[in-house]
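K.L.:
My structure is below; once you've seen it, I'll send some questions.
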Amino acid sequence: MTYGDRTRGETTKADGVYLEMRNQILYGVLEPGSRVDYVQLSASLGVSITPLREALRRLEADHLVIRNAHRDVLVAPLTREEASELVTVRRELDLLAARLAAAQMTRDELARARELVASQDEQEALRYLRDGGIPVAVGGMLNVNRAFHRMVYCGSHNQVLIQYRDAISTRTERYVILARQINTVPPEAYRLMHEQLLTALEARDTDRAADLMRAHYRELDLNFADVIFGQAAAS
């Protein structure tokens with residue numbers, strides 16, 4: 001196992017355990033609802049119990065593991081209720097971010113976003129996310145898309161919004177990965193929508209930016225709750 005993220009300076013064994021376990025949870029190697037076996041995991045990762053416990057505390061803060069009434073640590077289950085709630089909150093934050101970014105995003109920020117959309121450079125996307133302190137899954141999906149959207153909500157220059165949106169991104173990633181395994185969206189579809197959104201941001205058109213973000217969710221099947229669990233029956 002490679003410990004930590006070399007783009008962010010010195011790292012610890014706990015950093016490496018956190019990233020490795022996070023990756024295994026995101027891709028279902030550690031199955032939802034399964035009990036975390038401290039002894040087996042510490043042996044497979046080649047570390048002592050101490051960094052493992054520290055990593056689990058971070059994963060608990062990310063809502064990727066939970067503790068039951070018996071104090072066992074379990075991989076958090078995937079549920080329709082959580083997925084639906086996450087989609088609702090994320091959509092509203094993204095609509096707000098689009099409006100604010102249309103008014104606040106600087107020329108340099110717009111230029112960097114435009115360059116990423118044009119190049120579709122995966123390594124640049126990874127550098128951007130890691131420089132922002134965002135943990136990235138090894139072999140992660142759609143990092144250009146994720147980086148672009150972070151550029152937009154960071155362009156809001158609203159620190160509370162950025163903090164909440166970063167937290168939502170971390171919590172929703174495994175749902176998004178699973179949804180994209182079920183329903184693949186062509187990269188060109190993302191690129192076209194991003195180009196349209198950028199044009200609205202460059203024009204400082206707040207209403208158009210919000211409308212395009214709303215269309216982004218509708219046309220690219222970003223409601224991962226419905227993709228994974230099927231559309232809920234109307235009440």
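The way I read the labels, and the way they are meant: chains A, B, ... in the order of the structure tokens, residue 1 as the first residue of every chain, and ligand 1 as the first ligand shown, with later ones counted on from there.
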Fewer than 5 positions away in the same chain doesn't count, so skip those; otherwise give me all residues within 12 Å of Glu188 of chain A, counting only C-alpha atoms, as a PyMOL selection string.
P.N.:
chain A and resi 117-118+120+142+144-145+193-195+220
K.L.:
Mind checking which residues fall within 9 Å of segment 57-70 of chain A, counting only C-alpha atoms, ignoring those fewer than 3 positions away in the same chain, and posting them as number ranges by chain?
P.N.:
A: 18, 21-22, 25-26, 32-33, 36, 52-54, 73-77, 167, 170-171
K.L.:
To one decimal place in Å, what is the distance between atom CA of Leu93 of chain A and atom CA of Leu201 of chain A?
P.N.:
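Between atom CA of Leu93 of chain A and atom CA of Leu201 of chain A the gap works out to 16.3 Å.
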K.L.:
Using only C-alpha atoms, find the one residue out of A:Ile134, A:Ala101, A:Gly46, A:Asn183 that sits nearest to Gly230 of chain A.
P.N.:
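Closest to Gly230 of chain A of all the choices is A:Asn183.
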K.L.:
Pick out each residue of segment 1-234 of chain A that DSSP on the backbone tags as strand (DSSP E or B); I need them as a list in words.
P.N.:
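Checking each residue of segment 1-234 of chain A, the strand (DSSP E or B) ones are Arg35, Val65, Ile66, Arg67, Val73, Leu74 and Val75 of chain A.
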K.L.:
Using backbone DSSP assignments, extract all helix (DSSP H, G or I) residues from segment 68-179 of chain A; output them as number ranges by chain.
P.N.:
A: 80-104, 107-119, 122-131, 143-154, 159-179
K.L.:
Store the residues picked out above, limited to C-alpha atoms, as a CSV table (one decimal), in the first residue's frame.
P.N.:
chain,number,residue,atom,x,y,z
A,80,ARG,CA,-32.8,5.0,-0.7
A,81,GLU,CA,-33.6,7.5,2.1
A,82,GLU,CA,-30.0,8.7,2.4
A,83,ALA,CA,-29.5,8.8,-1.3
A,84,SER,CA,-32.7,10.9,-1.9
A,85,GLU,CA,-31.8,13.3,0.9
A,86,LEU,CA,-28.3,13.8,-0.4
A,87,VAL,CA,-29.5,14.4,-4.0
A,88,THR,CA,-32.0,17.0,-2.7
A,89,VAL,CA,-29.4,18.9,-0.7
A,90,ARG,CA,-26.7,18.6,-3.3
A,91,ARG,CA,-29.0,19.9,-6.1
A,92,GLU,CA,-30.0,23.0,-4.1
A,93,LEU,CA,-26.4,23.8,-3.2
A,94,ASP,CA,-25.4,23.5,-6.8
A,95,LEU,CA,-28.2,25.8,-8.0
A,96,LEU,CA,-27.1,28.3,-5.4
A,97,ALA,CA,-23.4,27.9,-6.3
A,98,ALA,CA,-24.2,28.5,-10.0
A,99,ARG,CA,-26.0,31.8,-9.2
A,100,LEU,CA,-23.3,33.0,-6.9
A,101,ALA,CA,-20.5,31.9,-9.3
A,102,ALA,CA,-22.1,33.8,-12.2
A,103,ALA,CA,-21.7,37.0,-10.1
A,104,GLN,CA,-18.5,36.3,-8.2
A,107,ARG,CA,-11.5,35.9,-14.8
A,108,ASP,CA,-8.7,33.6,-13.7
A,109,GLU,CA,-11.1,31.1,-12.2
A,110,LEU,CA,-13.2,31.1,-15.3
A,111,ALA,CA,-10.1,30.7,-17.5
A,112,ARG,CA,-8.9,27.7,-15.5
A,113,ALA,CA,-12.3,26.1,-15.7
A,114,ARG,CA,-12.5,26.7,-19.5
A,115,GLU,CA,-9.0,25.2,-19.9
A,116,LEU,CA,-10.0,22.0,-18.0
A,117,VAL,CA,-13.2,21.6,-20.0
A,118,ALA,CA,-11.3,22.0,-23.3
A,119,SER,CA,-8.4,19.7,-22.3
A,122,GLU,CA,-7.4,13.9,-15.9
A,123,GLN,CA,-4.1,14.6,-14.2
A,124,GLU,CA,-4.9,18.3,-13.9
A,125,ALA,CA,-8.3,17.5,-12.4
A,126,LEU,CA,-6.6,15.2,-9.8
A,127,ARG,CA,-4.0,17.9,-8.9
A,128,TYR,CA,-6.8,20.5,-8.5
A,129,LEU,CA,-8.9,18.2,-6.2
A,130,ARG,CA,-5.9,17.1,-4.1
A,131,ASP,CA,-4.6,20.7,-3.8
A,143,ASN,CA,-12.6,13.4,-11.8
A,144,VAL,CA,-12.7,16.0,-14.5
A,145,ASN,CA,-16.4,16.4,-13.9
A,146,ARG,CA,-15.9,16.6,-10.2
A,147,ALA,CA,-13.1,19.1,-10.5
A,148,PHE,CA,-15.1,21.3,-12.8
A,149,HIS,CA,-18.1,21.4,-10.4
A,150,ARG,CA,-15.8,22.2,-7.5
A,151,MET,CA,-14.4,25.1,-9.5
A,152,VAL,CA,-17.9,26.4,-9.9
A,153,TYR,CA,-18.9,26.2,-6.3
A,154,CYS,CA,-15.5,27.6,-5.2
A,159,GLN,CA,-16.9,29.6,2.4
A,160,VAL,CA,-19.9,28.1,4.1
A,161,LEU,CA,-21.3,26.8,0.8
A,162,ILE,CA,-17.9,25.5,-0.2
A,163,GLN,CA,-17.5,23.6,3.1
A,164,TYR,CA,-20.9,22.0,2.9
A,165,ARG,CA,-20.5,21.1,-0.8
A,166,ASP,CA,-17.1,19.5,-0.1
A,167,ALA,CA,-18.7,17.4,2.7
A,168,ILE,CA,-21.6,16.4,0.5
A,169,SER,CA,-19.2,15.4,-2.3
A,170,THR,CA,-17.3,13.0,0.0
A,171,ARG,CA,-20.5,11.5,1.3
A,172,THR,CA,-22.1,11.0,-2.1
A,173,GLU,CA,-19.1,9.6,-4.0
A,174,ARG,CA,-19.9,5.9,-3.5
A,175,TYR,CA,-23.5,6.5,-4.6
A,176,VAL,CA,-22.3,8.3,-7.7
A,177,ILE,CA,-19.7,5.5,-8.5
A,178,LEU,CA,-22.4,2.9,-8.3
A,179,ALA,CA,-24.9,4.9,-10.3
K.L.:
Quick one: distance from atom CA of Ala43 of chain A to atom CA of Tyr27 of chain A in Å, one decimal?
P.N.:
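Separation of atom CA of Ala43 of chain A and atom CA of Tyr27 of chain A: 20.4 Å.
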K.L.:
Kindly indicate which residue among A:Asp15, A:Asp226, A:Glu202, A:Glu20 lies nearest to Ile182 of chain A, using only C-alpha atoms for the distances.
P.N.:
A:Asp226
K.L.:
To one decimal place in Å, what is the distance between atom CA of Leu78 of chain A and atom CA of Gln40 of chain A?
P.N.:
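Separating atom CA of Leu78 of chain A from atom CA of Gln40 of chain A is a distance of 23.3 Å.
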K.L.:
Please identify all polymer residues within 10 Å of Asp211 of chain A, counting only C-alpha atoms, omitting same-chain residues fewer than 2 positions from it, and present them as a list in words.
P.N.:
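Near neighbours after the sequence-gap exclusion: Leu95, Ala98, Arg99, Leu197, Ala200, Thr206, Asp207, Arg208, Ala209, Met213, Arg214, Ala215 and His216 of chain A.
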K.L.:
Can you spit out the residues from that selection as an mmCIF file, in the first residue's frame, using all heavy atoms?
P.N.:
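After the write, out36.cif holds the following:
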data_model
loop_
_atom_site.group_PDB
_atom_site.id
_atom_site.type_symbol
_atom_site.label_atom_id
_atom_site.label_comp_id
_atom_site.auth_asym_id
_atom_site.auth_seq_id
_atom_site.Cartn_x
_atom_site.Cartn_y
_atom_site.Cartn_z
ATOM 1 N N LEU A 95 -27.407 24.686 -7.363
ATOM 2 C CA LEU A 95 -28.155 25.792 -7.957
ATOM 3 C C LEU A 95 -27.714 27.123 -7.349
ATOM 4 O O LEU A 95 -27.512 28.119 -8.065
ATOM 5 C CB LEU A 95 -29.650 25.580 -7.753
ATOM 6 C CG LEU A 95 -30.289 24.439 -8.549
ATOM 7 C CD1 LEU A 95 -31.732 24.225 -8.108
ATOM 8 C CD2 LEU A 95 -30.233 24.706 -10.041
ATOM 9 N N ALA A 98 -24.220 27.991 -8.653
ATOM 10 C CA ALA A 98 -24.230 28.492 -10.022
ATOM 11 C C ALA A 98 -24.601 29.977 -10.055
ATOM 12 O O ALA A 98 -23.976 30.774 -10.766
ATOM 13 C CB ALA A 98 -25.192 27.684 -10.881
ATOM 14 N N ARG A 99 -25.611 30.350 -9.274
ATOM 15 C CA ARG A 99 -26.023 31.754 -9.235
ATOM 16 C C ARG A 99 -24.904 32.643 -8.681
ATOM 17 O O ARG A 99 -24.596 33.702 -9.229
ATOM 18 C CB ARG A 99 -27.282 31.912 -8.374
ATOM 19 C CG ARG A 99 -28.533 31.281 -8.952
ATOM 20 C CD ARG A 99 -29.766 31.700 -8.147
ATOM 21 N NE ARG A 99 -30.966 31.027 -8.626
ATOM 22 C CZ ARG A 99 -31.450 29.903 -8.107
ATOM 23 N NH1 ARG A 99 -30.817 29.331 -7.075
ATOM 24 N NH2 ARG A 99 -32.540 29.356 -8.598
ATOM 25 N N LEU A 197 -22.671 25.844 -19.425
ATOM 26 C CA LEU A 197 -22.682 26.499 -18.117
ATOM 27 C C LEU A 197 -21.592 27.556 -18.038
ATOM 28 O O LEU A 197 -21.826 28.671 -17.528
ATOM 29 C CB LEU A 197 -22.505 25.460 -17.010
ATOM 30 C CG LEU A 197 -22.449 25.998 -15.567
ATOM 31 C CD1 LEU A 197 -23.681 26.828 -15.235
ATOM 32 C CD2 LEU A 197 -22.307 24.841 -14.580
ATOM 33 N N ALA A 200 -22.635 30.775 -19.674
ATOM 34 C CA ALA A 200 -23.538 31.550 -18.824
ATOM 35 C C ALA A 200 -22.780 32.243 -17.695
ATOM 36 O O ALA A 200 -23.059 33.402 -17.358
ATOM 37 C CB ALA A 200 -24.623 30.642 -18.246
ATOM 38 N N THR A 206 -27.026 34.967 -14.119
ATOM 39 C CA THR A 206 -27.317 34.118 -12.964
ATOM 40 C C THR A 206 -28.495 33.180 -13.209
ATOM 41 O O THR A 206 -28.458 32.013 -12.804
ATOM 42 C CB THR A 206 -27.589 34.972 -11.716
ATOM 43 O OG1 THR A 206 -28.668 35.874 -11.992
ATOM 44 C CG2 THR A 206 -26.356 35.784 -11.326
ATOM 45 N N ASP A 207 -29.547 33.687 -13.842
ATOM 46 C CA ASP A 207 -30.719 32.849 -14.087
ATOM 47 C C ASP A 207 -30.395 31.723 -15.065
ATOM 48 O O ASP A 207 -30.804 30.566 -14.864
ATOM 49 C CB ASP A 207 -31.873 33.690 -14.633
ATOM 50 C CG ASP A 207 -32.460 34.619 -13.586
ATOM 51 O OD1 ASP A 207 -32.271 34.354 -12.377
ATOM 52 O OD2 ASP A 207 -33.093 35.614 -13.975
ATOM 53 N N ARG A 208 -29.676 32.047 -16.138
ATOM 54 C CA ARG A 208 -29.294 31.039 -17.120
ATOM 55 C C ARG A 208 -28.385 29.987 -16.490
ATOM 56 O O ARG A 208 -28.529 28.788 -16.747
ATOM 57 C CB ARG A 208 -28.584 31.710 -18.298
ATOM 58 C CG ARG A 208 -28.008 30.774 -19.352
ATOM 59 C CD ARG A 208 -29.074 30.023 -20.090
ATOM 60 N NE ARG A 208 -28.505 29.268 -21.204
ATOM 61 C CZ ARG A 208 -29.122 28.250 -21.799
ATOM 62 N NH1 ARG A 208 -30.328 27.886 -21.399
ATOM 63 N NH2 ARG A 208 -28.556 27.608 -22.794
ATOM 64 N N ALA A 209 -27.463 30.422 -15.639
ATOM 65 C CA ALA A 209 -26.554 29.478 -14.967
ATOM 66 C C ALA A 209 -27.340 28.500 -14.100
ATOM 67 O O ALA A 209 -27.082 27.290 -14.116
ATOM 68 C CB ALA A 209 -25.534 30.237 -14.127
ATOM 69 N N MET A 213 -27.759 24.414 -14.603
ATOM 70 C CA MET A 213 -27.414 23.472 -13.547
ATOM 71 C C MET A 213 -28.592 22.542 -13.284
ATOM 72 O O MET A 213 -28.418 21.326 -13.095
ATOM 73 C CB MET A 213 -27.031 24.207 -12.264
ATOM 74 C CG MET A 213 -26.518 23.293 -11.150
ATOM 75 S SD MET A 213 -24.971 22.456 -11.580
ATOM 76 C CE MET A 213 -23.788 23.785 -11.281
ATOM 77 N N ARG A 214 -29.793 23.089 -13.312
ATOM 78 C CA ARG A 214 -30.990 22.266 -13.130
ATOM 79 C C ARG A 214 -31.106 21.245 -14.270
ATOM 80 O O ARG A 214 -31.405 20.064 -14.040
ATOM 81 C CB ARG A 214 -32.224 23.165 -13.084
ATOM 82 C CG ARG A 214 -33.498 22.458 -12.635
ATOM 83 C CD ARG A 214 -34.660 23.431 -12.524
ATOM 84 N NE ARG A 214 -34.491 24.373 -11.414
ATOM 85 C CZ ARG A 214 -34.211 25.659 -11.563
ATOM 86 N NH1 ARG A 214 -34.042 26.189 -12.768
ATOM 87 N NH2 ARG A 214 -34.089 26.441 -10.512
ATOM 88 N N ALA A 215 -30.836 21.684 -15.498
ATOM 89 C CA ALA A 215 -30.866 20.782 -16.651
ATOM 90 C C ALA A 215 -29.778 19.726 -16.552
ATOM 91 O O ALA A 215 -29.965 18.586 -16.991
ATOM 92 C CB ALA A 215 -30.695 21.593 -17.941
ATOM 93 N N HIS A 216 -28.650 20.098 -15.956
ATOM 94 C CA HIS A 216 -27.538 19.165 -15.752
ATOM 95 C C HIS A 216 -28.023 17.943 -14.973
ATOM 96 O O HIS A 216 -27.726 16.806 -15.325
ATOM 97 C CB HIS A 216 -26.449 19.905 -14.974
ATOM 98 C CG HIS A 216 -25.071 19.367 -15.159
ATOM 99 N ND1 HIS A 216 -24.356 19.540 -16.312
ATOM 100 C CD2 HIS A 216 -24.259 18.675 -14.324
ATOM 101 C CE1 HIS A 216 -23.171 18.980 -16.186
ATOM 102 N NE2 HIS A 216 -23.087 18.435 -14.989
#
K.L.:
Counting only C-alpha atoms, which residue out of A:Phe224, A:Gly132, A:Glu219, A:Thr199 sits closest to Pro186 of chain A?
P.N.:
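Using only C-alpha atoms, the shortest distance to Pro186 of chain A belongs to A:Glu219.
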